[in-house]
$ cat data_10.cif   # mmCIF, C-alpha atoms
data_data
#
loop_
_atom_site.group_PDB
_atom_site.id
_atom_site.type_symbol
_atom_site.label_atom_id
_atom_site.label_comp_id
_atom_site.auth_asym_id
_atom_site.auth_seq_id
_atom_site.Cartn_x
_atom_site.Cartn_y
_atom_site.Cartn_z
ATOM 1 C CA PRO F 1 103.199 82.050 91.284
ATOM 2 C CA ASP F 2 104.357 85.565 92.051
ATOM 3 C CA MET F 3 101.675 87.945 90.876
ATOM 4 C CA THR F 4 100.017 91.151 91.924
ATOM 5 C CA ILE F 5 96.322 91.053 92.680
ATOM 6 C CA ALA F 6 94.706 94.439 93.117
ATOM 7 C CA THR F 7 91.200 94.940 94.403
ATOM 8 C CA ASP F 8 88.740 97.599 95.494
ATOM 9 C CA ILE F 9 86.727 97.324 98.702
ATOM 10 C CA ILE F 10 83.739 99.530 99.417
ATOM 11 C CA CYS F 11 83.071 99.866 103.135
ATOM 12 C CA GLY F 12 79.467 100.361 104.160
ATOM 13 C CA PHE F 13 77.811 99.128 100.977
ATOM 14 C CA PRO F 14 74.057 98.809 101.654
ATOM 15 C CA GLY F 15 73.329 95.496 103.321
ATOM 16 C CA GLU F 16 76.907 94.971 104.553
ATOM 17 C CA SER F 17 76.626 93.298 107.956
ATOM 18 C CA GLU F 18 79.238 93.240 110.699
ATOM 19 C CA GLU F 19 79.837 89.576 109.794
ATOM 20 C CA ASP F 20 80.452 90.578 106.158
ATOM 21 C CA PHE F 21 83.002 93.146 107.305
ATOM 22 C CA VAL F 22 84.763 90.637 109.592
ATOM 23 C CA GLU F 23 85.040 88.262 106.614
ATOM 24 C CA THR F 24 86.443 91.096 104.475
ATOM 25 C CA MET F 25 89.086 91.843 107.117
ATOM 26 C CA GLN F 26 90.027 88.156 107.238
ATOM 27 C CA LEU F 27 90.279 88.021 103.442
ATOM 28 C CA VAL F 28 92.737 90.936 103.501
ATOM 29 C CA ARG F 29 94.720 89.305 106.352
ATOM 30 C CA ASP F 30 94.911 86.032 104.412
ATOM 31 C CA TYR F 31 95.870 87.446 101.017
ATOM 32 C CA LYS F 32 97.712 90.662 101.965
ATOM 33 C CA PHE F 33 96.733 92.425 98.751
ATOM 34 C CA PRO F 34 99.599 94.667 97.616
ATOM 35 C CA VAL F 35 97.184 97.079 95.937
ATOM 36 C CA LEU F 36 93.974 97.809 97.793
ATOM 37 C CA ASN F 37 91.691 100.726 96.972
ATOM 38 C CA ILE F 38 89.480 101.383 99.999
ATOM 39 C CA SER F 39 86.455 103.643 99.797
ATOM 40 C CA LYS F 40 83.290 104.365 101.725
ATOM 41 C CA PHE F 41 80.016 103.758 99.931
ATOM 42 C CA TYR F 42 78.623 106.732 98.059
ATOM 43 C CA ALA F 43 75.101 106.485 96.654
ATOM 44 C CA ARG F 44 75.181 107.680 93.062
ATOM 45 C CA PRO F 45 71.764 108.999 92.066
ATOM 46 C CA GLY F 46 69.831 106.762 89.713
ATOM 47 C CA THR F 47 71.642 103.539 90.673
ATOM 48 C CA PRO F 48 69.883 100.596 92.334
ATOM 49 C CA ALA F 49 72.179 100.916 95.365
ATOM 50 C CA ALA F 50 71.015 104.502 95.917
ATOM 51 C CA LYS F 51 67.571 103.129 96.793
ATOM 52 C CA MET F 52 68.882 100.540 99.274
ATOM 53 C CA LYS F 53 68.963 101.000 103.052
ATOM 54 C CA ARG F 54 72.327 102.524 103.958
ATOM 55 C CA VAL F 55 74.800 101.471 106.601
ATOM 56 C CA PRO F 56 75.117 104.329 109.124
ATOM 57 C CA THR F 57 77.906 106.754 108.212
ATOM 58 C CA GLU F 58 79.783 106.284 111.496
ATOM 59 C CA ILE F 59 79.916 102.518 110.931
ATOM 60 C CA ALA F 60 81.160 102.917 107.347
ATOM 61 C CA LYS F 61 83.844 105.356 108.568
ATOM 62 C CA ARG F 62 84.960 102.979 111.321
ATOM 63 C CA ARG F 63 85.168 100.065 108.906
ATOM 64 C CA SER F 64 87.122 102.123 106.392
ATOM 65 C CA LYS F 65 89.555 103.219 109.120
ATOM 66 C CA GLU F 66 90.040 99.646 110.412
ATOM 67 C CA LEU F 67 90.599 98.293 106.924
ATOM 68 C CA THR F 68 93.057 101.069 106.094
ATOM 69 C CA GLU F 69 95.004 100.385 109.307
ATOM 70 C CA LEU F 70 95.162 96.682 108.438
ATOM 71 C CA PHE F 71 96.370 97.449 104.910
ATOM 72 C CA GLU F 72 99.073 99.763 106.235
ATOM 73 C CA SER F 73 100.228 97.150 108.791
ATOM 74 C CA TYR F 74 101.786 94.647 106.393
ATOM 75 C CA THR F 75 104.478 94.604 103.736
ATOM 76 C CA CYS F 76 104.283 92.827 100.427
ATOM 77 C CA TYR F 77 107.590 93.024 98.624
ATOM 78 C CA ASP F 78 110.263 92.049 101.167
ATOM 79 C CA LYS F 79 110.735 88.680 99.447
ATOM 80 C CA PHE F 80 112.177 90.498 96.415
ATOM 81 C CA VAL F 81 114.971 92.235 98.346
ATOM 82 C CA GLY F 82 118.345 90.884 97.226
ATOM 83 C CA LYS F 83 116.932 89.373 94.024
ATOM 84 C CA THR F 84 117.758 90.531 90.521
ATOM 85 C CA VAL F 85 114.623 90.782 88.406
ATOM 86 C CA PRO F 86 113.696 92.039 84.933
ATOM 87 C CA VAL F 87 112.156 95.512 84.987
ATOM 88 C CA TRP F 88 110.504 97.245 82.042
ATOM 89 C CA PHE F 89 110.955 101.027 81.940
ATOM 90 C CA SER F 90 108.660 103.557 80.301
ATOM 91 C CA THR F 91 108.722 107.342 80.240
ATOM 92 C CA GLU F 92 107.403 107.686 83.799
ATOM 93 C CA ILE F 93 109.554 109.812 86.090
ATOM 94 C CA GLY F 94 109.147 109.775 89.858
ATOM 95 C CA HIS F 95 110.754 111.474 92.829
ATOM 96 C CA ASN F 96 112.091 110.257 96.133
ATOM 97 C CA ARG F 97 110.057 111.043 99.254
ATOM 98 C CA ASP F 98 111.553 114.483 99.875
ATOM 99 C CA LEU F 99 111.286 115.341 96.142
ATOM 100 C CA SER F 100 115.031 116.068 95.917
ATOM 101 C CA THR F 101 115.943 113.339 93.414
ATOM 102 C CA GLU F 102 114.288 112.267 90.155
ATOM 103 C CA GLN F 103 113.834 108.561 89.511
ATOM 104 C CA SER F 104 113.147 106.383 86.499
ATOM 105 C CA VAL F 105 110.098 104.233 87.152
ATOM 106 C CA GLY F 106 109.706 100.707 85.829
ATOM 107 C CA HIS F 107 107.608 97.650 86.601
ATOM 108 C CA THR F 108 108.381 93.976 87.119
ATOM 109 C CA ARG F 109 106.343 91.296 85.373
ATOM 110 C CA GLU F 110 104.206 91.213 88.558
ATOM 111 C CA TYR F 111 103.622 94.952 87.968
ATOM 112 C CA ILE F 112 105.574 95.943 91.054
ATOM 113 C CA LYS F 113 106.700 99.550 90.751
ATOM 114 C CA THR F 114 110.488 99.754 90.779
ATOM 115 C CA VAL F 115 112.505 102.963 90.965
ATOM 116 C CA VAL F 116 116.155 103.663 90.153
ATOM 117 C CA PRO F 117 118.098 106.934 89.851
ATOM 118 C CA ARG F 118 116.863 108.773 86.775
ATOM 119 C CA ASP F 119 118.396 107.411 83.590
ATOM 120 C CA ASP F 120 116.589 108.341 80.362
ATOM 121 C CA SER F 121 118.552 105.682 78.467
ATOM 122 C CA LEU F 122 116.327 103.076 80.197
ATOM 123 C CA ILE F 123 113.145 104.280 78.452
ATOM 124 C CA GLY F 124 111.569 101.445 76.481
ATOM 125 C CA LYS F 125 114.031 98.844 77.746
ATOM 126 C CA LYS F 126 113.926 95.728 79.883
ATOM 127 C CA VAL F 127 116.791 95.813 82.370
ATOM 128 C CA MET F 128 117.870 93.399 85.105
ATOM 129 C CA VAL F 129 117.650 95.297 88.410
ATOM 130 C CA LYS F 130 118.850 94.167 91.836
ATOM 131 C CA ILE F 131 116.220 95.056 94.428
ATOM 132 C CA GLU F 132 117.968 96.715 97.365
ATOM 133 C CA SER F 133 114.960 97.650 99.515
ATOM 134 C CA SER F 134 111.192 97.597 99.483
ATOM 135 C CA SER F 135 108.322 99.631 100.819
ATOM 136 C CA LYS F 136 104.589 99.706 100.346
ATOM 137 C CA PHE F 137 104.733 103.297 99.115
ATOM 138 C CA HIS F 138 107.620 105.221 97.622
#
$ encode --input "data_10.cif" --output "structure tokens"
Amino acid sequence: PDMTIATDIICGFPGESEEDFVETMQLVRDYKFPVLNISKFYARPGTPAAKMKRVPTEIAKRRSKELTELFESYTCYDKFVGKTVPVWFSTEIGHNRDLSTEQSVGHTREYIKTVVPRDDSLIGKKVMVKIESSSKFH
């Protein structure tokens, strides 16, 4: 089924081997997560992980960079272009990339962010919207 799976990946968690990282990269290649929060490990004082042997900083940075590049290399929503789908609108207002135009922000049932020219009459409504284009970020 069409659904959005979001996940967080911590690069350089203590004990992460190169093999672990390769498997993580393959997981992202296979599933092409549309929402992926990537971070480098940070040892919070008082946690068990803070006492574990750390992955060297330069390795964690490299892994984070590689994973970010992979995430930015694929698209997720092209299959929706040309389709008309139900979108639920709330009070969220967005802007286009150059900040010159306000947009009403809604979400599909898969929780895909959808933007249309600002129209306050959409607030609180479900509206059928034809998807004209897609991008990873708007």
$ residues_around --input "data_10.cif" --residues "region 12-27 of chain F" --least-positions-apart "2" --cutoff "9 Å" --atoms "only C-alpha atoms" --output "JSON, numbers by chain"
{"F": [9, 10, 29, 30, 31, 32, 39, 40, 41, 42, 43, 49, 50, 52, 53, 54, 55, 56, 57, 59, 60, 61, 63, 64, 66, 67, 70]}
$ write_last_selection --input "data_10.cif" --atoms "C-alpha atoms" --output "compact mmCIF listing (two decimals), in the frame of the given file"
# COMPACT_ATOMS: atom_id res chain seq x y z
CA ILE F 9 86.73 97.32 98.70
CA ILE F 10 83.74 99.53 99.42
CA ARG F 29 94.72 89.30 106.35
CA ASP F 30 94.91 86.03 104.41
CA TYR F 31 95.87 87.45 101.02
CA LYS F 32 97.71 90.66 101.96
CA SER F 39 86.46 103.64 99.80
CA LYS F 40 83.29 104.36 101.72
CA PHE F 41 80.02 103.76 99.93
CA TYR F 42 78.62 106.73 98.06
CA ALA F 43 75.10 106.48 96.65
CA ALA F 49 72.18 100.92 95.36
CA ALA F 50 71.02 104.50 95.92
CA MET F 52 68.88 100.54 99.27
CA LYS F 53 68.96 101.00 103.05
CA ARG F 54 72.33 102.52 103.96
CA VAL F 55 74.80 101.47 106.60
CA PRO F 56 75.12 104.33 109.12
CA THR F 57 77.91 106.75 108.21
CA ILE F 59 79.92 102.52 110.93
CA ALA F 60 81.16 102.92 107.35
CA LYS F 61 83.84 105.36 108.57
CA ARG F 63 85.17 100.06 108.91
CA SER F 64 87.12 102.12 106.39
CA GLU F 66 90.04 99.65 110.41
CA LEU F 67 90.60 98.29 106.92
CA LEU F 70 95.16 96.68 108.44
$ closest_residue --input "data_10.cif" --among "F:Ile5, F:His95, F:Glu58, F:Phe71" --to "Tyr111 (chain F)" --atoms "all atoms listed in the file"
F:Ile5
$ atom_distance --input "data_10.cif" --atom1 "CA of Lys65 (chain F)" --atom2 "CA of Asn96 (chain F)"
26.9 Å
$ closest_residue --input "data_10.cif" --among "F:Thr91, F:Ser135, F:Thr108, F:Thr101" --to "Asp120 (chain F)" --atoms "only C-alpha atoms"
F:Thr91
$ closest_residue --input "data_10.cif" --among "F:Asp98, F:Thr75, F:Lys51, F:Pro86" --to "Thr114 (chain F)" --atoms "all atoms listed in the file"
F:Pro86
$ closest_residue --input "data_10.cif" --among "F:Arg118, F:Trp88, F:Gly94, F:Asp78" --to "Gly106 (chain F)" --atoms "only C-alpha atoms"
F:Trp88
$ resolve_selection --input "data_10.cif" --expression "the PyMOL selection byres ((chain F and resi 80) around 10)" --output "ChimeraX atom specification"
/F:76-79,81-85,130-134
$ atom_distance --input "data_10.cif" --atom1 "CA of Ile93 (chain F)" --atom2 "CA of Asp119 (chain F)"
9.5 Å
$ atom_distance --input "data_10.cif" --atom1 "CA of Met3 (chain F)" --atom2 "CA of Val35 (chain F)"
11.4 Å
$ resolve_selection --input "data_10.cif" --expression "the PyMOL selection byres ((chain F and resi 126) around 12)" --output "number ranges by chain"
F: 85-90, 105-109, 121-125, 127-129
$ resolve_selection --input "data_10.cif" --expression "the PyMOL selection byres ((chain F and resi 37) around 6)" --output "list in words"
Asp8, Leu36 and Ile38 of chain F
$ closest_residue --input "data_10.cif" --among "F:Leu99, F:Cys11, F:Val115, F:Val28" --to "Glu72 (chain F)" --atoms "all atoms listed in the file"
F:Val28
$ closest_residue --input "data_10.cif" --among "F:Ser73, F:Ser100, F:Thr47, F:Thr4" --to "Pro34 (chain F)" --atoms "only C-alpha atoms"
F:Thr4
$ decode --input "data_10.cif" --residues "region 50-62 of chain F" --atoms "all heavy atoms" --output "mmCIF file, in the first residue's frame"
data_model
loop_
_atom_site.group_PDB
_atom_site.id
_atom_site.type_symbol
_atom_site.label_atom_id
_atom_site.label_comp_id
_atom_site.auth_asym_id
_atom_site.auth_seq_id
_atom_site.Cartn_x
_atom_site.Cartn_y
_atom_site.Cartn_z
ATOM 1 N N ALA F 50 26.812 6.957 26.570
ATOM 2 C CA ALA F 50 27.892 7.906 26.849
ATOM 3 C C ALA F 50 29.134 7.192 27.373
ATOM 4 O O ALA F 50 30.242 7.715 27.265
ATOM 5 C CB ALA F 50 27.422 8.967 27.841
ATOM 6 N N LYS F 51 28.958 6.020 27.934
ATOM 7 C CA LYS F 51 30.067 5.251 28.503
ATOM 8 C C LYS F 51 30.679 4.281 27.490
ATOM 9 O O LYS F 51 31.694 3.658 27.777
ATOM 10 C CB LYS F 51 29.588 4.478 29.722
ATOM 11 C CG LYS F 51 29.087 5.369 30.832
ATOM 12 C CD LYS F 51 28.485 4.553 31.949
ATOM 13 C CE LYS F 51 27.839 5.473 32.977
ATOM 14 N NZ LYS F 51 27.024 4.733 33.927
ATOM 15 N N MET F 52 30.057 4.146 26.327
ATOM 16 C CA MET F 52 30.529 3.191 25.323
ATOM 17 C C MET F 52 31.661 3.794 24.486
ATOM 18 O O MET F 52 31.780 5.015 24.369
ATOM 19 C CB MET F 52 29.364 2.773 24.417
ATOM 20 C CG MET F 52 28.237 2.088 25.169
ATOM 21 S SD MET F 52 26.741 1.887 24.168
ATOM 22 C CE MET F 52 27.253 0.627 23.035
ATOM 23 N N LYS F 53 32.485 2.905 23.904
ATOM 24 C CA LYS F 53 33.575 3.364 23.046
ATOM 25 C C LYS F 53 32.988 4.008 21.798
ATOM 26 O O LYS F 53 32.146 3.436 21.112
ATOM 27 C CB LYS F 53 34.471 2.191 22.655
ATOM 28 C CG LYS F 53 35.659 2.633 21.844
ATOM 29 C CD LYS F 53 36.591 1.498 21.518
ATOM 30 C CE LYS F 53 37.758 2.120 20.751
ATOM 31 N NZ LYS F 53 38.493 1.200 19.994
ATOM 32 N N ARG F 54 33.444 5.216 21.501
ATOM 33 C CA ARG F 54 32.882 5.995 20.389
ATOM 34 C C ARG F 54 33.549 5.675 19.062
ATOM 35 O O ARG F 54 34.729 5.352 18.999
ATOM 36 C CB ARG F 54 33.022 7.482 20.671
ATOM 37 C CG ARG F 54 32.232 7.886 21.893
ATOM 38 C CD ARG F 54 32.153 9.364 22.023
ATOM 39 N NE ARG F 54 31.580 9.673 23.325
ATOM 40 C CZ ARG F 54 31.678 10.825 23.916
ATOM 41 N NH1 ARG F 54 32.303 11.809 23.329
ATOM 42 N NH2 ARG F 54 31.133 11.014 25.084
ATOM 43 N N VAL F 55 32.758 5.834 18.007
ATOM 44 C CA VAL F 55 33.283 5.783 16.647
ATOM 45 C C VAL F 55 34.019 7.109 16.430
ATOM 46 O O VAL F 55 33.509 8.167 16.817
ATOM 47 C CB VAL F 55 32.118 5.628 15.631
ATOM 48 C CG1 VAL F 55 32.602 5.790 14.204
ATOM 49 C CG2 VAL F 55 31.411 4.291 15.838
ATOM 50 N N PRO F 56 35.206 7.088 15.820
ATOM 51 C CA PRO F 56 35.921 8.346 15.596
ATOM 52 C C PRO F 56 35.062 9.379 14.863
ATOM 53 O O PRO F 56 34.302 9.038 13.947
ATOM 54 C CB PRO F 56 37.127 7.926 14.753
ATOM 55 C CG PRO F 56 37.348 6.487 15.122
ATOM 56 C CD PRO F 56 35.966 5.931 15.357
ATOM 57 N N THR F 57 35.197 10.629 15.268
ATOM 58 C CA THR F 57 34.387 11.719 14.724
ATOM 59 C C THR F 57 34.459 11.793 13.209
ATOM 60 O O THR F 57 33.434 11.987 12.542
ATOM 61 C CB THR F 57 34.826 13.064 15.341
ATOM 62 O OG1 THR F 57 34.668 12.967 16.761
ATOM 63 C CG2 THR F 57 34.002 14.216 14.818
ATOM 64 N N GLU F 58 35.660 11.655 12.640
ATOM 65 C CA GLU F 58 35.787 11.766 11.179
ATOM 66 C C GLU F 58 35.026 10.657 10.452
ATOM 67 O O GLU F 58 34.486 10.875 9.361
ATOM 68 C CB GLU F 58 37.259 11.806 10.744
ATOM 69 C CG GLU F 58 38.080 10.586 11.072
ATOM 70 C CD GLU F 58 38.668 10.545 12.485
ATOM 71 O OE1 GLU F 58 38.418 11.477 13.284
ATOM 72 O OE2 GLU F 58 39.373 9.577 12.796
ATOM 73 N N ILE F 59 34.934 9.490 11.056
ATOM 74 C CA ILE F 59 34.167 8.395 10.449
ATOM 75 C C ILE F 59 32.675 8.694 10.541
ATOM 76 O O ILE F 59 31.936 8.513 9.570
ATOM 77 C CB ILE F 59 34.526 7.041 11.105
ATOM 78 C CG1 ILE F 59 35.971 6.662 10.758
ATOM 79 C CG2 ILE F 59 33.548 5.949 10.663
ATOM 80 C CD1 ILE F 59 36.480 5.422 11.453
ATOM 81 N N ALA F 60 32.220 9.157 11.690
ATOM 82 C CA ALA F 60 30.797 9.508 11.847
ATOM 83 C C ALA F 60 30.408 10.609 10.871
ATOM 84 O O ALA F 60 29.334 10.558 10.247
ATOM 85 C CB ALA F 60 30.506 9.928 13.283
ATOM 86 N N LYS F 61 31.273 11.608 10.688
ATOM 87 C CA LYS F 61 30.992 12.695 9.737
ATOM 88 C C LYS F 61 30.911 12.171 8.309
ATOM 89 O O LYS F 61 30.025 12.553 7.547
ATOM 90 C CB LYS F 61 32.071 13.781 9.824
ATOM 91 C CG LYS F 61 31.942 14.689 11.009
ATOM 92 C CD LYS F 61 33.014 15.776 10.970
ATOM 93 C CE LYS F 61 32.907 16.696 12.158
ATOM 94 N NZ LYS F 61 33.931 17.738 12.126
ATOM 95 N N ARG F 62 31.847 11.302 7.941
ATOM 96 C CA ARG F 62 31.836 10.733 6.588
ATOM 97 C C ARG F 62 30.558 9.938 6.346
ATOM 98 O O ARG F 62 29.906 10.081 5.319
ATOM 99 C CB ARG F 62 33.058 9.841 6.366
ATOM 100 C CG ARG F 62 33.031 9.117 5.001
ATOM 101 C CD ARG F 62 34.150 8.098 4.841
ATOM 102 N NE ARG F 62 34.239 7.083 5.861
ATOM 103 C CZ ARG F 62 33.471 5.982 5.915
ATOM 104 N NH1 ARG F 62 32.533 5.764 5.014
ATOM 105 N NH2 ARG F 62 33.648 5.097 6.889
#
